[in-house]
Amino acid sequence: MTVLQVIFLITAVVTLGGAVMVVTARNLIHAALWLILTLFGVAVLYGLLNATFFTVIQVVIYIGAIAILMIFAIMLTRRVKQEAGSSVNKGWWLAGLMSLVLFTALVWMFSTWSGFQTTLPVMPANVDTIKVLGTALVSPNGYVIPFEIASVLLMAALIGAVVVAWERKS
Amino acid sequence: MSDPVNSIAEWLRTIFSNWGLSEGLITVILAVLGVVILAAFVLIIDIMLVWIERKIVARFQDRFGPNRVGPFGIIQPIADVIKLLIKEDIMPNGADKFIFNIAPIIALAAVLLLWAVVPFAPTIIGADINVAVLYVVAIGSIGTLAIIMAGWASNNKYALLGAFRTVALMIAYEVPMLIALLVPVLLARSMGMQTIVAAQSTWYIFVVPLAAVILFISSIAELGRTPFDISEAESEIVAGFHIEYTGMKFGLFYAGELLHALTVSALISTLFLGGWRGPFVDQVPILGPVYLFIKSFLVYYLIMWIRYSFPRVRIDQMLGFNWKFLTPLALFLLIVVAILDKLLVGTSQAVYVLVMLGANLVIVWATVLILRAYARVERKRIGEERPVAISPDTESSELVGQE
C-alpha cells in the first residue's frame, strides 16, 4: 500500500464518520461542527486528486462561508444548550427507503463502470491548471454562457437580499 | 553551501535511500521533518514576540516594560510561559469540554498553517502551490471558526457576544481584503507566492500603493487588533471570546494573536514589499529569510504603532467604514488596475510603473476630496442644535431662552 492510499483511507473514514455524526448528533452546534469536519475531509480528497483550486475553494466556500453562517443562524435562533429532542420524525422510514434506493443505484452504477481500470493520465509539468480553468470559463468555445448565467443569478440574489433588507421610510 | 536547507534535505535523502527506504516513505519523512522544523522555528520567534511587543508598547506609553529577568528583560517570556503552564486549569460550569479544549489549538494551528506558503528564499518555501493567495483566505476562515467555537463552548454571554462580533467583523473585512489581494495576483498573473515575488522587479508597493493600504487596513481588522478590537473590547465585554480561558489555553490564544500579526506582516511583505528580494540574494539564497524578516518586522512595527496610538471604534462605524468606504474603493481600484494593465501592454517597465503609480495617486486624491466633503457635511449635521428631551406638557414659550 502506498502512502497516498493510507492517507486516502484515513480521510475516507474521517469523512464518512463525520457524516454519520452530523445526522446522529443531538446538539445542533455539534452537528454543524461535524459537518465542517466532513466538508474538510472532502477538501482533503480534492487535494489528493491534485485539484488544488477545488481544495481551497471547498474550504473558503463551505467552511468559511456556509458552515459559519449556519452556526451563526443556529446560535441566534435556538436555545442550543438544550438537547433538541428526538432526531427522527414520522417520515424516517421514507428517508431510509430513499437512501437505500439511492445507495443501491450508486453501487450498481459503479459496479458496471469501467473507469476503475484506467490509469490516471499524467499531467504535463508546465501546465498551470488554474489558468486553463480560467480561460475555459470565459472563452466562447468553453463555458462562457453557463458562467454568465451563474453570474446573473448571483447578481439577482444579491439585489434580492438588498430589497428584502431595505428599510422603507413611511 | 549557500542554501543549507535544501543541502541538508538532499543529504538526508541520500542517507535514507542508503538505508533502503522506499522513495514515497522518504518524501513523507522529509515533509514531516520540514513541517516540524518550520513550526518550531516560527513558535520560537513567537515567544520572542511577547518580549518585543511588551517592550515596544512600553516605549509608546513612556514606560520601561519588562526589565527584571535577564538583560533588558529578555528572559521574561520564558518566565511567562512557566507561569502559564503551572496555573490552575479552570473549566467553566456548563462548558462544552471537548470544543472548549480544542478551540485554542485550532486558533494557533490556523496561524501556523499560513507559514506553509510564505516564501523564505528563492529555493526555500513550505509548499509552492499555485493557489497560495486563496489558501491564505481559506485558512483565515478556519481561524474565525476557532473563535466561534471558543465563544460558544465557554457558556458565557460575554464570550458569545465576542464571537458574534468577530464573525460580523471577519465576514465584512474579508471582502476588501480579497479584492486587495487580487491586485498583486493580477499584476503577477499568478496566485503562487514565488511567482508573485519573482515578478516584483519593482516592489508592488510602488506600483499599487493603494492596494497595499487597503490590504493593511483589512488585515488589521482580520487580526482583531485596535482600532478594530471589538471582539475583545475590555470596557464593553470584558475580554470577549477568551474570557473563560486560563493558563496555557489562554496562552495559546495570546501566542496565536501575536504570531498572526507577524504572519500577516510577512504576507504583506511578500505581496507588496518584494518578499525575500534584496541585494545578493540570487547568489546567497540564505539571505532571503533575513530580508523577509527585516521587512516583516517593519510592517509589524507599523501594526503595533497603530494599535497603541488609536482608540477603539464603534461596531457600526467599523462596519460602515468597511461597506461604504473600503469595499467600493477596493472594487474601483481593481477595475482601474485591470483596465490600465491591458492598455499598457508593450510599454516599458518604467512607463508602466509611473502610470500605475499616477493612477493610484489620483484615486487617493479623489478619495480624500470626497471624504473632506463628507466630513464637512457631517460636522454641520453634528453642529446643529439637536432636539432635547422635554416633557410633552411643557409650553413651547417656556423653552425660549433656554439652551
# chains A, B, ... in the order shown; residues from 1 in each chain; ligands from 1
$ interface_residues --of "chain B" --to "chain A" --cutoff "6 Å" --atoms "only C-alpha atoms" --output "list in words"
Tyr135, Ala138 and Ser141 of chain B
$ write_last_selection --atoms "N, CA and C atoms" --output "tab-separated table (two decimals), in the first residue's frame"
chain	number	residue	atom	x	y	z
B	135	TYR	N	-5.44	30.21	-0.58
B	135	TYR	CA	-5.15	29.39	0.61
B	135	TYR	C	-5.11	30.25	1.87
B	138	ALA	N	-8.59	30.94	2.86
B	138	ALA	CA	-9.24	29.75	3.39
B	138	ALA	C	-8.82	29.49	4.83
B	141	SER	N	-10.45	31.66	7.41
B	141	SER	CA	-11.79	31.31	7.84
B	141	SER	C	-11.76	30.24	8.93
$ residues_around --residues "range 124-128 of chain B" --least-positions-apart "6" --cutoff "7 Å" --atoms "only C-alpha atoms" --output "NGL selection string"
:B and (116-118 or 192-194)
$ select_by_dssp --residues "range 29-167 of chain A" --states "alpha helix (DSSP H)" --output "ChimeraX atom specification"
/A:29-48,52-58,68-77,92-111,129-138,144-165
$ residues_around --residues "range 173-181 of chain B" --least-positions-apart "2" --cutoff "8 Å" --atoms "only C-alpha atoms" --output "JSON list (two decimals) with N, CA and C atoms, in the first residue's frame"
[["chain", "number", "residue", "atom", "x", "y", "z"],
["B", 133, "VAL", "N", -2.63, 32.42, -2.64],
["B", 133, "VAL", "CA", -3.36, 33.59, -2.15],
["B", 133, "VAL", "C", -4.75, 33.19, -1.64],
["B", 137, "VAL", "N", -6.74, 32.98, 2.40],
["B", 137, "VAL", "CA", -8.11, 33.33, 2.77],
["B", 137, "VAL", "C", -8.81, 32.15, 3.41],
["B", 169, "LEU", "N", -17.27, 41.05, 11.98],
["B", 169, "LEU", "CA", -16.06, 41.76, 11.54],
["B", 169, "LEU", "C", -15.35, 41.00, 10.42],
["B", 170, "MET", "N", -15.19, 39.70, 10.64],
["B", 170, "MET", "CA", -14.40, 38.89, 9.69],
["B", 170, "MET", "C", -15.10, 38.80, 8.35],
["B", 171, "ILE", "N", -16.43, 38.53, 8.39],
["B", 171, "ILE", "CA", -17.15, 38.39, 7.13],
["B", 171, "ILE", "C", -17.10, 39.71, 6.36],
["B", 183, "VAL", "N", -5.22, 42.33, -6.58],
["B", 183, "VAL", "CA", -4.42, 43.28, -7.35],
["B", 183, "VAL", "C", -3.01, 42.74, -7.64],
["B", 184, "PRO", "N", -2.24, 42.29, -6.62],
["B", 184, "PRO", "CA", -0.94, 41.68, -6.97],
["B", 184, "PRO", "C", -1.08, 40.43, -7.81],
["B", 185, "VAL", "N", -2.17, 39.67, -7.59],
["B", 185, "VAL", "CA", -2.39, 38.48, -8.41],
["B", 185, "VAL", "C", -2.53, 38.88, -9.87],
["B", 211, "ALA", "N", -3.60, 49.55, -2.99],
["B", 211, "ALA", "CA", -3.97, 48.17, -2.68],
["B", 211, "ALA", "C", -3.26, 47.72, -1.41],
["B", 212, "ALA", "N", -2.00, 48.11, -1.26],
["B", 212, "ALA", "CA", -1.26, 47.74, -0.05],
["B", 212, "ALA", "C", -1.93, 48.34, 1.18],
["B", 214, "ILE", "N", -5.12, 49.23, 1.53],
["B", 214, "ILE", "CA", -6.40, 48.56, 1.78],
["B", 214, "ILE", "C", -6.16, 47.21, 2.43],
["B", 215, "LEU", "N", -5.18, 46.45, 1.90],
["B", 215, "LEU", "CA", -4.88, 45.14, 2.49],
["B", 215, "LEU", "C", -4.41, 45.30, 3.93],
["B", 218, "SER", "N", -7.50, 46.12, 6.17],
["B", 218, "SER", "CA", -8.40, 44.99, 6.38],
["B", 218, "SER", "C", -7.69, 43.86, 7.12],
["B", 219, "SER", "N", -6.36, 43.77, 6.98],
["B", 219, "SER", "CA", -5.64, 42.76, 7.75],
["B", 219, "SER", "C", -5.67, 43.08, 9.23],
["B", 221, "ALA", "N", -8.03, 44.58, 10.73],
["B", 221, "ALA", "CA", -9.37, 44.19, 11.17],
["B", 221, "ALA", "C", -9.45, 42.69, 11.35],
["B", 222, "GLU", "N", -8.87, 41.95, 10.41],
["B", 222, "GLU", "CA", -8.89, 40.49, 10.48],
["B", 222, "GLU", "C", -8.14, 40.01, 11.73],
["B", 322, "ASN", "N", -16.24, 49.83, 6.46],
["B", 322, "ASN", "CA", -15.94, 48.75, 5.53],
["B", 322, "ASN", "C", -16.84, 48.79, 4.30],
["B", 326, "LEU", "N", -14.36, 51.19, 2.25],
["B", 326, "LEU", "CA", -13.23, 50.35, 1.85],
["B", 326, "LEU", "C", -13.59, 49.44, 0.68],
["B", 327, "THR", "N", -14.78, 48.81, 0.73],
["B", 327, "THR", "CA", -15.14, 47.88, -0.34],
["B", 327, "THR", "C", -15.32, 48.58, -1.69],
["B", 330, "ALA", "N", -11.89, 49.55, -2.98],
["B", 330, "ALA", "CA", -11.11, 48.42, -3.46],
["B", 330, "ALA", "C", -11.61, 47.95, -4.82],
["B", 331, "LEU", "N", -12.95, 47.89, -4.98],
["B", 331, "LEU", "CA", -13.51, 47.47, -6.26],
["B", 331, "LEU", "C", -13.10, 48.42, -7.38],
["B", 334, "LEU", "N", -9.49, 47.94, -8.29],
["B", 334, "LEU", "CA", -9.26, 46.72, -9.06],
["B", 334, "LEU", "C", -9.62, 46.94, -10.52]]
$ residues_around --residues "Arg13 in chain B" --least-positions-apart "3" --cutoff "10 Å" --atoms "only C-alpha atoms" --output "number ranges by chain"
B: 7-10, 16-19, 21, 23, 26-27, 29-30
$ residues_around --residues "Phe297 in chain B" --least-positions-apart "3" --cutoff "8 Å" --atoms "only C-alpha atoms" --output "PDB file with C-alpha atoms, in the first residue's frame"
ATOM      1  CA  LEU B 262       3.735  38.734  12.332  1.00  0.00           C
ATOM      2  CA  SER B 265       3.215  41.242   8.153  1.00  0.00           C
ATOM      3  CA  PHE B 293      12.108  39.151   8.421  1.00  0.00           C
ATOM      4  CA  ILE B 294      13.520  42.689   8.289  1.00  0.00           C
ATOM      5  CA  TYR B 300       4.787  44.547  12.384  1.00  0.00           C
ATOM      6  CA  TYR B 301       6.113  47.712  13.987  1.00  0.00           C
TER       7      TYR B 301
END
$ atom_distance --atom1 "CA of Asn155 in chain B" --atom2 "CA of Phe100 in chain B"
9.5 Å
$ atom_distance --atom1 "CA of Thr166 in chain B" --atom2 "CA of Trp166 in chain A"
24.3 Å
$ residues_around --residues "range 135-139 of chain A" --least-positions-apart "6" --cutoff "12 Å" --atoms "only C-alpha atoms" --output "list in words"
Asp128, Thr129, Ile145, Pro146, Phe147, Glu148, Ile149, Ala150 and Ser151 of chain A
$ write_last_selection --atoms "N, CA and C atoms" --output "PDB file, in the first residue's frame"
ATOM      1  N   ASP A 128      -0.361  25.296 -16.000  1.00  0.00           N
ATOM      2  CA  ASP A 128      -0.964  25.922 -14.826  1.00  0.00           C
ATOM      3  C   ASP A 128      -2.468  25.650 -14.892  1.00  0.00           C
ATOM      4  N   THR A 129      -2.932  24.733 -14.029  1.00  0.00           N
ATOM      5  CA  THR A 129      -4.327  24.283 -14.137  1.00  0.00           C
ATOM      6  C   THR A 129      -5.311  25.432 -13.941  1.00  0.00           C
ATOM      7  N   ILE A 145     -21.270  30.773 -21.442  1.00  0.00           N
ATOM      8  CA  ILE A 145     -22.708  31.001 -21.224  1.00  0.00           C
ATOM      9  C   ILE A 145     -23.148  30.528 -19.839  1.00  0.00           C
ATOM     10  N   PRO A 146     -22.792  29.293 -19.420  1.00  0.00           N
ATOM     11  CA  PRO A 146     -23.136  28.911 -18.041  1.00  0.00           C
ATOM     12  C   PRO A 146     -22.539  29.870 -17.013  1.00  0.00           C
ATOM     13  N   PHE A 147     -21.294  30.300 -17.292  1.00  0.00           N
ATOM     14  CA  PHE A 147     -20.611  31.209 -16.358  1.00  0.00           C
ATOM     15  C   PHE A 147     -21.395  32.512 -16.217  1.00  0.00           C
ATOM     16  N   GLU A 148     -21.813  33.073 -17.365  1.00  0.00           N
ATOM     17  CA  GLU A 148     -22.538  34.351 -17.315  1.00  0.00           C
ATOM     18  C   GLU A 148     -23.909  34.169 -16.675  1.00  0.00           C
ATOM     19  N   ILE A 149     -24.565  33.028 -16.965  1.00  0.00           N
ATOM     20  CA  ILE A 149     -25.887  32.787 -16.357  1.00  0.00           C
ATOM     21  C   ILE A 149     -25.746  32.711 -14.836  1.00  0.00           C
ATOM     22  N   ALA A 150     -24.701  31.992 -14.384  1.00  0.00           N
ATOM     23  CA  ALA A 150     -24.477  31.894 -12.942  1.00  0.00           C
ATOM     24  C   ALA A 150     -24.218  33.280 -12.353  1.00  0.00           C
ATOM     25  N   SER A 151     -23.473  34.124 -13.073  1.00  0.00           N
ATOM     26  CA  SER A 151     -23.192  35.475 -12.574  1.00  0.00           C
ATOM     27  C   SER A 151     -24.474  36.271 -12.427  1.00  0.00           C
TER      28      SER A 151
END
$ closest_residue --among "B:Ile105, B:Ala159, B:Ile286, B:Met304" --to "Leu49 in chain B" --atoms "only C-alpha atoms"
B:Met304
$ residues_around --residues "range 225-232 of chain B" --least-positions-apart "2" --cutoff "7 Å" --atoms "only C-alpha atoms" --output "ChimeraX atom specification"
/B:162-163,165-166,220-221,223,234,237-241,307,310-313,315
$ write_last_selection --atoms "C-alpha atoms" --output "tab-separated table (two decimals), in the first residue's frame"
chain	number	residue	atom	x	y	z
B	162	GLY	CA	-17.39	38.47	21.41
B	163	ALA	CA	-17.74	35.56	18.99
B	165	ARG	CA	-18.79	40.46	16.86
B	166	THR	CA	-15.80	38.59	15.48
B	220	ILE	CA	-5.60	44.73	11.00
B	221	ALA	CA	-9.37	44.19	11.17
B	223	LEU	CA	-6.34	40.38	13.31
B	234	GLU	CA	-12.25	45.20	27.53
B	237	ILE	CA	-17.49	42.72	27.07
B	238	VAL	CA	-14.56	42.22	29.48
B	239	ALA	CA	-12.33	40.01	27.30
B	240	GLY	CA	-14.65	38.66	24.64
B	241	PHE	CA	-14.28	35.12	23.41
B	307	ARG	CA	-2.53	49.56	17.88
B	310	PHE	CA	-5.63	54.71	18.12
B	311	PRO	CA	-8.79	54.41	20.21
B	312	ARG	CA	-11.30	51.65	19.50
B	313	VAL	CA	-14.07	52.48	17.01
B	315	ILE	CA	-19.07	48.49	15.70
$ atom_distance --atom1 "CA of Lys83 in chain B" --atom2 "CA of Lys249 in chain B"
12.4 Å
